[in-house]
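Next up, start-v2.txt (compact mmCIF, C-alpha atoms):
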# COMPACT_ATOMS: atom_id res chain seq x y z
CA MET A 186 1.91 5.18 15.60
CA THR A 187 3.31 5.78 12.09
CA GLY A 188 3.92 2.21 11.05
CA SER A 189 7.58 2.97 10.29
CA ILE A 190 10.28 0.40 10.72
CA GLU A 191 12.48 1.12 13.71
CA LEU A 192 15.81 -0.68 13.56
CA ASP A 193 18.02 -1.19 16.58
CA SER A 194 20.75 1.47 16.46
CA ALA A 195 23.28 -0.62 18.37
CA ARG A 196 22.84 -3.50 15.92
CA LEU A 197 23.05 -1.19 12.92
CA LYS A 198 26.52 0.00 13.96
CA LYS A 199 27.77 -3.56 13.46
CA ASP A 200 26.03 -4.07 10.09
CA PRO A 201 27.62 -3.44 6.66
CA TRP A 202 27.39 0.08 5.25
CA ILE A 203 24.84 -0.95 2.64
CA THR A 204 22.55 -2.29 5.37
CA ARG A 205 22.83 1.03 7.22
CA LEU A 206 22.08 2.88 3.96
CA PHE A 207 18.90 0.86 3.35
CA ALA A 208 17.91 1.35 7.00
CA LYS A 209 17.72 5.11 6.44
CA ALA A 210 14.82 4.40 4.08
CA GLY A 211 13.21 2.07 6.61
CA LEU A 212 14.24 -1.04 4.64
CA ASP A 213 15.65 -3.86 6.75
CA LEU A 214 18.21 -5.57 4.52
CA THR A 215 19.03 -8.12 7.21
CA LEU A 216 15.77 -9.81 6.23
CA PHE A 217 17.70 -11.40 3.36
CA TYR A 218 20.84 -12.58 5.14
CA ILE A 219 19.83 -13.35 8.74
CA PRO A 220 17.92 -16.67 8.96
CA VAL A 221 14.45 -16.38 10.52
CA PRO A 222 12.55 -19.49 11.72
CA ARG A 223 9.70 -20.33 9.36
CA LEU A 224 6.19 -21.17 10.45
CA LYS A 225 4.83 -24.68 10.02
CA GLY A 226 3.77 -25.21 6.43
CA ASP A 227 5.96 -22.39 5.13
CA PHE A 228 8.40 -24.04 2.71
CA ILE A 229 10.29 -20.98 1.44
CA GLY A 230 9.91 -18.15 3.95
CA VAL A 231 9.27 -14.42 3.69
CA PRO A 232 12.47 -13.39 1.83
CA ALA A 233 11.78 -15.71 -1.11
CA HIS A 234 8.13 -14.58 -1.22
CA LEU A 235 9.23 -10.94 -1.21
CA VAL A 236 11.74 -11.52 -4.01
CA ALA A 237 8.98 -13.22 -6.02
CA ALA A 238 6.78 -10.14 -5.51
CA PHE A 239 9.60 -7.91 -6.78
CA VAL A 240 10.05 -10.12 -9.83
CA ALA A 241 6.31 -10.14 -10.54
CA MET A 242 5.94 -6.36 -10.35
CA VAL A 243 8.97 -5.69 -12.54
CA CYS A 244 7.83 -8.30 -15.08
CA GLU A 245 4.34 -6.80 -15.07
CA ALA A 246 5.77 -3.43 -16.03
CA ILE A 247 7.93 -4.71 -18.89
CA SER A 248 5.70 -6.61 -21.32
CA THR A 249 2.79 -8.99 -21.66
CA ALA A 250 5.07 -12.02 -22.04
CA THR A 251 7.15 -11.22 -18.96
CA SER A 252 4.05 -10.42 -16.92
CA SER A 253 2.81 -13.98 -17.40
CA VAL A 254 6.13 -15.31 -16.12
CA GLY A 255 6.14 -12.92 -13.17
CA ILE A 256 2.65 -13.72 -11.93
CA PHE A 257 3.34 -17.47 -12.07
CA VAL A 258 6.55 -16.99 -10.07
CA LEU A 259 4.63 -15.08 -7.40
CA LEU A 260 1.75 -17.57 -7.45
CA GLY A 261 4.19 -20.45 -6.99
CA ALA A 262 5.88 -18.72 -4.06
CA THR A 263 2.51 -18.00 -2.44
CA LEU A 264 1.32 -21.60 -2.80
CA LEU A 265 4.54 -22.86 -1.20
CA ARG A 266 3.66 -20.78 1.86
CA ALA A 267 -0.11 -21.35 1.74
CA PRO A 268 -0.65 -23.28 5.01
CA ALA A 269 1.19 -20.60 6.98
CA LEU A 270 -0.71 -17.78 5.28
CA LEU A 271 -4.22 -18.88 6.26
CA PRO A 272 -4.45 -16.45 9.25
CA ASP A 273 -3.46 -13.54 6.99
CA TRP A 274 -6.03 -14.52 4.38
CA LYS A 275 -8.72 -14.88 7.01
CA ARG A 276 -7.95 -11.38 8.17
CA MET A 277 -7.95 -10.09 4.59
CA PHE A 278 -11.33 -11.56 3.73
CA GLY A 279 -12.67 -10.06 6.94
CA GLU A 280 -12.20 -6.59 5.44
CA THR A 281 -15.59 -5.03 4.72
CA TRP A 282 -14.55 -3.40 1.46
CA ILE A 283 -13.17 -6.69 0.12
CA ARG A 284 -16.40 -8.50 0.93
CA LEU A 285 -18.35 -5.77 -0.84
CA MET A 286 -16.02 -6.03 -3.82
CA LEU A 287 -16.65 -9.79 -4.02
CA LEU A 288 -20.39 -9.12 -3.80
CA SER A 289 -20.05 -6.75 -6.75
CA ALA A 290 -18.12 -9.44 -8.66
CA ALA A 291 -20.86 -11.96 -7.89
CA TRP A 292 -23.44 -9.62 -9.43
CA LEU A 293 -21.32 -9.40 -12.61
CA ALA A 294 -21.42 -13.19 -12.81
CA ILE A 295 -25.20 -13.28 -12.31
CA THR A 296 -25.79 -10.85 -15.18
CA ILE A 297 -24.17 -13.29 -17.62
CA VAL A 298 -27.46 -15.25 -17.41
CA TRP A 299 -29.33 -12.70 -19.57
CA SER A 300 -26.36 -11.47 -21.61
CA PRO A 301 -26.83 -11.60 -25.40
CA ASP A 302 -23.21 -12.83 -25.63
CA VAL A 303 -22.60 -15.40 -22.91
CA SER A 304 -19.17 -16.42 -24.20
CA GLN A 305 -17.99 -12.80 -24.09
CA GLY A 306 -19.46 -12.47 -20.61
CA LEU A 307 -17.51 -15.49 -19.39
CA GLU A 308 -14.36 -14.08 -20.94
CA ARG A 309 -14.95 -10.74 -19.21
CA PHE A 310 -15.55 -12.42 -15.87
CA GLU A 311 -12.32 -14.41 -16.29
CA THR A 312 -10.42 -11.11 -16.21
CA LEU A 313 -11.23 -10.89 -12.49
CA LYS A 314 -8.67 -13.68 -11.95
CA PHE A 315 -6.13 -10.87 -11.63
CA LEU A 316 -7.62 -10.09 -8.24
CA VAL A 317 -5.34 -12.94 -7.15
CA TRP A 318 -2.65 -10.26 -6.70
CA MET A 319 -4.43 -9.32 -3.49
CA PRO A 320 -3.98 -12.58 -1.54
CA MET A 321 -0.50 -12.97 -3.01
CA LEU A 322 0.72 -9.60 -1.69
CA TRP A 323 -1.37 -9.21 1.49
CA PRO A 324 0.69 -11.65 3.65
CA LEU A 325 3.74 -9.44 3.06
CA HIS A 326 2.19 -6.53 4.99
CA ARG A 327 5.10 -6.48 7.46
CA GLN A 328 7.36 -5.74 4.47
CA TRP A 329 5.12 -2.93 3.16
CA ARG A 330 8.00 -0.56 2.47
CA TRP A 331 9.79 -3.24 0.50
CA LEU A 332 6.67 -3.72 -1.62
CA LEU A 333 6.49 0.02 -2.28
CA ALA A 334 10.17 -0.06 -3.24
CA GLY A 335 9.42 -2.98 -5.57
CA PHE A 336 6.70 -1.01 -7.32
CA LEU A 337 8.96 2.02 -7.74
CA LEU A 338 11.70 -0.26 -9.11
CA SER A 339 9.24 -1.65 -11.66
CA ALA A 340 8.35 1.90 -12.70
CA VAL A 341 12.03 2.81 -13.12
CA VAL A 342 12.55 -0.25 -15.34
CA MET A 343 9.55 0.76 -17.47
CA GLN A 344 10.80 4.34 -17.71
CA GLY A 345 14.22 3.04 -18.70
CA ILE A 346 12.60 1.34 -21.69
CA GLN A 347 10.77 4.56 -22.53
CA LEU A 348 13.96 6.61 -22.13
CA ALA A 349 15.76 4.28 -24.54
CA GLY A 350 13.11 5.04 -27.14
CA ALA A 351 13.24 8.79 -26.48
CA ALA A 352 17.02 9.16 -26.38
CA PHE A 353 18.22 6.47 -28.79
CA GLY A 354 15.20 5.63 -30.94
CA VAL A 355 15.11 2.04 -29.72
CA THR A 356 12.33 0.04 -31.37
CA HIS A 357 10.46 -3.19 -30.63
CA HIS A 358 8.56 -4.93 -33.44
CA GLY A 359 9.06 -1.80 -35.52
CA GLN A 360 7.58 0.53 -32.89
CA ASN A 361 9.51 3.09 -30.88
CA THR A 362 9.64 2.16 -27.19
CA LEU A 363 8.75 5.73 -26.17
CA ALA A 364 5.41 4.44 -24.84
CA GLY A 365 6.96 1.31 -23.33
CA LEU A 366 6.33 -2.28 -24.43
CA ARG A 367 2.86 -2.55 -22.92
CA HIS A 368 -0.42 -0.85 -23.78
CA PRO A 369 0.23 2.95 -23.73
CA THR A 370 -2.70 3.46 -21.33
CA MET A 371 -1.15 1.04 -18.86
CA THR A 372 2.28 2.66 -19.26
CA GLY A 373 0.85 6.13 -18.62
CA LEU A 374 -1.09 4.86 -15.62
CA TRP A 375 1.99 3.17 -14.10
CA ASP A 376 4.06 6.32 -14.61
CA ALA A 377 1.41 8.58 -13.08
CA ILE A 378 1.12 6.39 -9.99
CA ALA A 379 4.91 6.32 -9.60
CA LEU A 380 4.83 10.13 -9.76
CA SER A 381 2.33 10.17 -6.88
CA CYS A 382 4.69 8.09 -4.75
CA TRP A 383 7.80 10.09 -5.60
CA LEU A 384 6.01 13.36 -4.80
CA PHE A 385 5.22 12.11 -1.32
CA LEU A 386 8.73 10.83 -0.70
CA ALA A 387 10.11 14.19 -1.85
CA VAL A 388 8.41 15.96 1.06
CA ALA A 389 8.62 13.16 3.61
CA VAL A 390 12.35 12.60 3.61
CA SER A 391 15.42 14.74 4.18
CA TRP A 392 16.41 17.57 1.86
CA GLN A 393 19.31 15.43 0.66
CA ALA A 394 16.98 12.59 -0.31
CA MET A 395 14.73 15.07 -2.11
CA LEU A 396 17.56 15.51 -4.61
CA LEU A 397 16.85 11.93 -5.71
CA CYS A 398 13.06 11.98 -5.43
CA VAL A 399 12.45 15.11 -7.51
CA PRO A 400 14.38 13.87 -10.59
CA MET A 401 12.54 10.53 -10.33
CA ALA A 402 9.25 12.45 -10.18
CA VAL A 403 10.26 14.33 -13.33
CA LEU A 404 11.15 11.04 -15.05
CA SER A 405 7.74 9.63 -14.10
CA ALA A 406 6.01 12.73 -15.48
CA LEU A 407 8.01 12.39 -18.69
CA GLY A 408 6.91 8.76 -18.82
CA PHE A 409 3.18 9.43 -18.99
CA VAL A 410 3.76 12.36 -21.37
CA TRP A 411 5.77 10.09 -23.67
CA ALA A 412 2.96 7.54 -23.49
CA GLY A 413 0.64 10.31 -24.70
CA GLN A 414 -2.14 9.51 -22.26
CA ARG A 415 -4.72 12.20 -21.57
CA ALA A 416 -6.41 10.00 -18.96
CA ALA A 417 -3.19 9.77 -16.95
CA LEU A 418 -2.77 13.55 -17.12
CA VAL A 419 -6.30 14.21 -15.87
CA ALA A 420 -5.90 11.56 -13.18
CA ILE A 421 -2.60 12.89 -11.81
CA LEU A 422 -4.01 16.42 -11.65
CA MET A 423 -6.98 15.08 -9.69
CA GLU A 424 -4.60 13.14 -7.43
CA ILE A 425 -2.52 16.24 -6.73
CA LEU A 426 -5.68 17.97 -5.53
CA VAL A 427 -7.43 15.12 -3.69
CA ALA A 428 -4.45 13.36 -2.08
CA ASN A 429 -3.04 16.57 -0.63
CA ILE A 430 -6.43 17.61 0.78
CA VAL A 431 -6.67 14.14 2.36
CA LEU A 432 -3.17 14.52 3.76
CA VAL A 433 -4.08 17.83 5.41
CA PHE A 434 -7.22 16.47 7.06
CA ALA A 435 -5.86 13.02 7.88
CA VAL A 436 -2.56 13.94 9.52
CA ARG A 437 -2.19 16.77 12.00
CA GLY A 438 0.78 19.05 11.34
CA TRP A 439 1.21 18.10 7.67
CA LEU A 440 -0.26 21.26 6.13
CA ARG A 441 3.13 22.65 5.10
CA ARG A 442 4.29 19.37 3.57
CA ALA A 443 0.99 18.90 1.75
CA ALA A 444 1.28 22.44 0.36
CA ILE A 445 4.84 21.75 -0.81
CA ARG A 446 3.71 18.48 -2.42
CA PHE A 447 0.86 20.30 -4.18
CA VAL A 448 3.11 23.03 -5.57
CA LEU A 449 5.86 20.56 -6.47
CA GLY A 450 3.37 18.32 -8.25
CA LEU A 451 1.94 21.16 -10.33
CA ALA A 452 5.44 22.40 -11.14
CA VAL A 453 6.66 18.97 -12.28
CA VAL A 454 3.56 18.08 -14.29
CA GLY A 455 3.16 21.57 -15.76
CA GLY A 456 6.82 21.90 -16.64
CA VAL A 457 7.04 18.53 -18.35
CA TYR A 458 3.69 19.01 -20.12
CA PHE A 459 4.59 22.34 -21.69
CA LEU A 460 8.28 21.66 -22.34
CA ALA A 461 8.23 18.03 -23.54
CA GLY A 462 4.59 17.13 -24.14
CA GLU A 463 3.98 18.50 -27.64
CA ALA A 464 2.17 15.37 -28.88
CA LEU A 465 0.07 15.18 -25.72
CA VAL A 466 -0.77 18.90 -25.94
CA VAL A 467 -2.17 18.33 -29.43
CA LYS A 468 -4.31 15.41 -28.23
CA VAL A 469 -5.62 17.42 -25.27
CA ARG A 470 -6.53 20.40 -27.46
CA GLN A 471 -8.28 18.12 -29.94
CA ALA A 472 -10.29 16.50 -27.13
CA VAL A 473 -11.28 19.90 -25.72
CA VAL A 474 -12.43 21.24 -29.10
CA GLU A 475 -14.37 18.09 -30.00
CA THR A 476 -15.99 17.91 -26.57
CA GLU A 477 -17.11 21.55 -26.76
CA GLN A 478 -18.54 20.95 -30.24
CA SER A 479 -20.33 17.83 -29.03
CA LEU A 480 -21.94 19.58 -26.08
CA GLN A 481 -22.89 22.72 -28.04
CA SER A 482 -24.25 21.29 -31.28
CA GLY A 483 -24.89 17.58 -30.72
CA THR A 484 -24.20 16.94 -34.40
CA PRO A 485 -22.89 13.36 -34.85
CA GLN A 486 -19.98 14.49 -37.05
CA VAL A 487 -18.32 16.70 -34.40
CA MET A 488 -18.39 14.41 -31.37
CA GLU A 489 -15.36 13.41 -29.36
CA ALA A 490 -15.03 9.63 -29.87
CA ARG A 491 -15.58 8.67 -26.24
CA ILE A 492 -18.64 10.88 -25.93
CA ALA A 493 -20.05 9.15 -29.01
CA MET A 494 -19.43 5.75 -27.40
CA TRP A 495 -20.99 6.84 -24.12
CA LYS A 496 -24.10 8.17 -25.86
CA MET A 497 -24.40 4.91 -27.78
CA SER A 498 -24.05 3.00 -24.50
CA MET A 499 -26.84 5.00 -22.89
CA VAL A 500 -29.20 4.05 -25.69
CA ALA A 501 -28.45 0.36 -25.02
CA TRP A 502 -28.68 0.85 -21.24
CA ARG A 503 -32.23 2.21 -21.45
CA THR A 504 -33.41 -1.19 -22.70
CA ASN A 505 -32.74 -2.63 -19.21
CA PRO A 506 -31.71 0.19 -16.85
CA ILE A 507 -32.00 -1.66 -13.53
CA PHE A 508 -30.16 -4.90 -14.31
CA GLY A 509 -28.24 -3.98 -17.46
CA VAL A 510 -27.91 -5.84 -20.77
CA GLY A 511 -25.70 -8.48 -19.13
CA LEU A 512 -21.94 -8.93 -18.73
CA GLY A 513 -20.30 -9.18 -22.16
CA GLY A 514 -23.38 -7.90 -23.94
CA TYR A 515 -22.16 -4.38 -24.76
CA LYS A 516 -21.18 -4.93 -28.38
CA LYS A 517 -24.34 -6.81 -29.38
CA ALA A 518 -26.55 -4.44 -27.40
CA THR A 519 -25.15 -1.41 -29.26
CA ALA A 520 -25.01 -3.05 -32.71
CA ASN A 521 -28.39 -1.69 -33.77
CA VAL A 522 -27.99 1.80 -32.32
CA THR A 523 -28.18 4.40 -35.08
CA GLY A 524 -27.70 8.16 -35.40
CA ILE A 525 -24.48 8.31 -33.35
CA GLU A 526 -21.22 8.42 -35.28
CA TYR A 527 -17.63 9.63 -35.14
CA PRO A 528 -15.87 10.63 -38.39
CA GLY A 529 -13.12 8.27 -39.47
CA ILE A 530 -13.73 5.64 -36.78
CA ASP A 531 -16.31 2.89 -36.59
CA ILE A 532 -17.15 3.18 -32.89
CA LYS A 533 -19.13 -0.06 -33.07
CA TYR A 534 -15.88 -1.91 -33.74
CA TYR A 535 -14.84 -1.56 -30.10
CA ASP A 536 -16.09 -4.03 -27.51
CA THR A 537 -16.10 -1.45 -24.68
CA PRO A 538 -17.29 2.18 -24.40
CA HIS A 539 -13.92 3.20 -22.96
CA SER A 540 -15.25 3.96 -19.48
CA THR A 541 -15.43 1.58 -16.55
CA TYR A 542 -18.44 3.36 -15.08
CA VAL A 543 -20.41 3.68 -18.31
CA MET A 544 -19.73 0.06 -19.12
CA ILE A 545 -20.80 -1.24 -15.72
CA LEU A 546 -23.98 0.81 -15.96
CA THR A 547 -24.68 -0.51 -19.47
CA GLU A 548 -23.91 -4.18 -18.83
CA ASN A 549 -24.79 -4.52 -15.15
CA GLY A 550 -27.35 -1.79 -14.68
CA VAL A 551 -28.01 0.58 -11.81
CA VAL A 552 -27.60 -2.36 -9.42
CA GLY A 553 -24.10 -3.09 -10.74
CA LEU A 554 -22.94 0.53 -10.65
CA LEU A 555 -24.35 1.01 -7.16
CA LEU A 556 -22.54 -2.09 -5.87
CA PHE A 557 -19.31 -0.85 -7.48
CA ALA A 558 -19.74 2.60 -5.91
CA VAL A 559 -20.42 1.11 -2.47
CA TRP A 560 -17.32 -1.08 -2.38
CA ALA A 561 -15.15 1.71 -3.85
CA GLY A 562 -16.45 4.10 -1.19
CA ALA A 563 -15.78 1.55 1.55
CA PHE A 564 -12.26 1.11 0.20
CA PHE A 565 -11.47 4.83 0.33
CA VAL A 566 -12.87 5.15 3.86
CA ARG A 567 -10.59 2.29 4.94
CA ALA A 568 -7.59 3.68 3.07
CA PHE A 569 -8.15 7.13 4.63
CA LYS A 570 -7.95 5.59 8.10
CA PHE A 571 -4.59 4.04 7.23
CA VAL A 572 -3.27 7.41 6.03
CA GLN A 573 -4.29 8.84 9.41
CA LEU A 574 -2.10 6.25 11.13
CA ASP A 575 0.75 6.28 8.63
CA PRO A 576 1.23 9.27 6.27
CA THR A 577 3.54 7.19 4.06
CA ARG A 578 0.39 5.49 2.74
CA ILE A 579 -0.59 8.69 0.90
CA GLY A 580 1.49 7.69 -2.13
CA VAL A 581 -0.48 4.49 -2.76
CA PHE A 582 -3.71 6.20 -1.67
CA GLY A 583 -2.98 8.70 -4.42
CA GLY A 584 -2.21 5.82 -6.77
CA SER A 585 -5.68 4.44 -6.09
CA VAL A 586 -7.21 7.87 -6.77
CA ILE A 587 -5.40 7.91 -10.11
CA TRP A 588 -6.73 4.46 -11.03
CA PHE A 589 -10.34 5.32 -10.20
CA CYS A 590 -10.12 8.67 -12.03
CA ALA A 591 -8.49 7.22 -15.15
CA ALA A 592 -11.14 4.45 -15.12
CA MET A 593 -13.57 7.10 -16.33
CA PHE A 594 -11.81 7.00 -19.71
CA ASP A 595 -11.23 3.26 -20.18
CA SER A 596 -12.85 -0.02 -19.19
CA PHE A 597 -10.27 -1.12 -16.61
CA HIS A 598 -12.27 -4.05 -15.24
CA THR A 599 -12.24 -5.83 -18.63
CA ARG A 600 -8.47 -6.00 -19.14
CA GLY A 601 -5.97 -7.64 -16.82
CA VAL A 602 -3.30 -5.17 -17.89
CA PHE A 603 -5.35 -2.33 -16.35
CA LEU A 604 -6.90 -4.20 -13.45
CA THR A 605 -3.57 -5.41 -12.04
CA ILE A 606 -2.13 -2.01 -11.17
CA GLY A 607 -5.38 -1.03 -9.46
CA VAL A 608 -5.37 -4.19 -7.37
CA ILE A 609 -1.73 -3.60 -6.35
CA MET A 610 -2.46 -0.02 -5.24
CA MET A 611 -5.62 -0.95 -3.33
CA THR A 612 -3.83 -3.81 -1.60
CA LEU A 613 -0.90 -1.61 -0.55
CA SER A 614 -3.36 1.06 0.64
CA THR A 615 -5.21 -1.20 3.09
CA MET A 616 -2.60 -3.69 4.32
CA PRO A 617 -2.25 -3.94 8.12
CA LEU A 618 0.37 -1.63 9.57
CA PRO A 619 3.54 -3.13 11.09
CA GLU A 620 4.10 -2.07 14.69
CA SER A 621 7.45 -0.89 15.92
CA GLY A 622 9.93 -3.70 15.68
CA GLY A 623 7.88 -5.45 13.03
CA ALA A 624 6.81 -8.29 15.28
CA LYS A 625 3.10 -7.52 15.08
CA SER A 626 0.80 -5.60 12.80
CA ALA A 627 -2.07 -3.26 13.47
CA SER A 628 -5.09 -1.93 11.64
CA PRO A 629 -7.50 0.91 12.32
CA SER A 630 -10.78 -0.05 13.92
CA ARG A 631 -13.61 -0.95 11.56
CA ALA A 632 -16.08 0.74 13.85

If you took the structure in this file and wrote it as structure tokens, what would it be?
Amino acid sequence: MTGSIELDSARLKKDPWITRLFAKAGLDLTLFYIPVPRLKGDFIGVPAHLVAAFVAMVCEAISTATSSVGIFVLLGATLLRAPALLPDWKRMFGETWIRLMLLSAAWLAITIVWSPDVSQGLERFETLKFLVWMPMLWPLHRQWRWLLAGFLLSAVVMQGIQLAGAAFGVTHHGQNTLAGLRHPTMTGLWDAIALSCWLFLAVAVSWQAMLLCVPMAVLSALGFVWAGQRAALVAILMEILVANIVLVFAVRGWLRRAAIRFVLGLAVVGGVYFLAGEALVVKVRQAVVETEQSLQSGTPQVMEARIAMWKMSMVAWRTNPIFGVGLGGYKKATANVTGIEYPGIDIKYYDTPHSTYVMILTENGVVGLLLFAVWAGAFFVRAFKFVQLDPTRIGVFGGSVIWFCAAMFDSFHTRGVFLTIGVIMMTLSTMPLPESGGAKSASPSRA
């Protein structure tokens, strides 16, 4: 079973041309114009919920202001269907990796008790409210392809904003829109994940469709280069390696396609990096030189900024290695650390060490990092099983790889702008698979 949508050929012959066009991509457009009986307690139905999800993802990609509007639209749509969604939510919370994730979140909350900055700890914990994307999207698992299309649409909108800055010098609040309207790290992350999806579609569809997918992959690569994000570059290179290895071992007979995807990915990323990534090239070279100097000499004045922050974090972590200094306690715990500096920047100004893993270890100790690693491992095991059943999941699987890799260079769990895209990818990676005809859904065994 591949989880693809199979539409009745006899019915398609009677449908409008645009419906037949969408059907070639496995998207059933009749969902929006053929009435379907709603379940008891469902006041708006699947089409309205799906449209709300589209709106939310596009708004999330545009700006902070629009993202607030989008998430409330989706939340409202979900609540209007809540009674009918209870079976889906029960199934979702039955997932082992989700239970482990909630256990990890509970430990974060417990560590606030001994945090030197309780108010900051509460604020950090509040960021986890963005996990609400999971129960809002999960009930739409039968429309998985539509959700993937919605994410790609949101990426195209974001890249359109970036392209306007690159081609026409468009500005917003005095700043060129080359890096989008959101945080550049988030923009680069979104672009890199879109690239992962386009690379898969380029080898999974017909040669004619590849003519669309490859240019969109190039645009996505340009997007994260324009955003100037080294983390996104490292993450997409790791994804190109890991996701294609997974594809080879997960799906029999996909060696050739995985090889093509690997070569195509390196060609797109490499070409864009060397031809249009001058600013990013400079940042990468600077990071390499400073990292080498840091590792060779250890002199405070030649450290790469993140390495300086991580070393400072380790000093604070050693004060309570098992349980950590407490959620929200990073800044106060590192305030008295001396002998670690970075020229031109006061690294103690920042409230995070710019690494999810270093920060969890510092604030939540070995226990916190172990819990995080366990649920993340359980997630990837589950996601791998879905790729085995449906190769089209490799795009969002790769998106999840990108998120976890890039998390090494920023504290993603402390900012909703970073956490959201990870939650979306993880949700799309482990949703139940629709069976042929879309009437039921299936999942791999948890055994």

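Residue nearest A:Pro576 within the list A:Phe447, A:Phe385, A:Trp560, A:Phe217: A:Phe385 [criterion: smallest interatomic distance, only C-alpha atoms].
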
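Distance annotation: of A:Ser300, A:Gln393, A:Thr251, A:Thr541, the residue with the minimal separation from A:Phe597 is A:Thr541; atom set is only C-alpha atoms.
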
Query raised in the report: Counting all atoms listed in the file, what is within 10 Å of A:Tyr534, bar same-chain residues fewer than 4 positions away, as number ranges by chain?
Result: A: 516, 520, 530

Can you tell me, as a PDB file with C-alpha atoms, in the coordinates of the input, what residues are no more than 6 Å from A:Asn361 when counting only C-alpha atoms, ignoring any on the same chain fewer than 5 positions away?
ATOM      1  CA  GLY A 350      13.110   5.040 -27.140  1.00  0.00           C
ATOM      2  CA  VAL A 355      15.110   2.040 -29.720  1.00  0.00           C
ATOM      3  CA  THR A 356      12.330   0.040 -31.370  1.00  0.00           C
TER       4      THR A 356
END

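Atom pair atom CA of A:Leu396 / atom CA of A:Arg205 has a distance of 19.4 Å (rounded to one decimal).
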
For a cut-off of 12 Å around (-7.3, -5.0, -12.9), file coordinates, pick out all residues using only C-alpha atoms and list them as a ChimeraX atom specification. /A:245,309-319,371,374,541,585,588-589,592,595-612

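Nearest to A:Leu348 of all the residues A:Ser289, A:Ser405, A:Thr370, A:Ser253 is A:Ser405, counting all atoms listed in the file.
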
What separates atom CA of A:Val522 and atom CA of A:Trp495 is a distance of 11.9 Å

| request: Do a neighbour search on A:Val410 at 9 Å with only C-alpha atoms, toss out local chain neighbours closer than 6 positions, and write the hits as a list in words. | output: Ala364, Gly373, Ala417, Leu418, Val457, Tyr458, Ala461, Gly462, Glu463, Ala464 and Leu465 of chain A

I need the residues from that last selection saved to file as a PDB file, in the coordinates of the input (with C-alpha atoms), if you can.
ATOM      1  CA  ALA A 364       5.410   4.440 -24.840  1.00  0.00           C
ATOM      2  CA  GLY A 373       0.850   6.130 -18.620  1.00  0.00           C
ATOM      3  CA  ALA A 417      -3.190   9.770 -16.950  1.00  0.00           C
ATOM      4  CA  LEU A 418      -2.770  13.550 -17.120  1.00  0.00           C
ATOM      5  CA  VAL A 457       7.040  18.530 -18.350  1.00  0.00           C
ATOM      6  CA  TYR A 458       3.690  19.010 -20.120  1.00  0.00           C
ATOM      7  CA  ALA A 461       8.230  18.030 -23.540  1.00  0.00           C
ATOM      8  CA  GLY A 462       4.590  17.130 -24.140  1.00  0.00           C
ATOM      9  CA  GLU A 463       3.980  18.500 -27.640  1.00  0.00           C
ATOM     10  CA  ALA A 464       2.170  15.370 -28.880  1.00  0.00           C
ATOM     11  CA  LEU A 465       0.070  15.180 -25.720  1.00  0.00           C
TER      12      LEU A 465
END

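Of the residues listed (A:Ile587, A:Val431, A:Pro629, A:Ala233), A:Ile587 shows the shortest atom-to-atom separation from A:Ile378; distances use all atoms listed in the file.
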
Surrounding residues of A:Ala269 excluding itself and chain neighbours under 5 positions, 10 Å, only C-alpha atoms, as a PyMOL selection string:
chain A and resi 223-228+230+263-264+274+324

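Residue nearest A:Trp502 within the list A:Met286, A:Val454, A:Leu325, A:Val551: A:Val551 [criterion: smallest interatomic distance, all atoms listed in the file].
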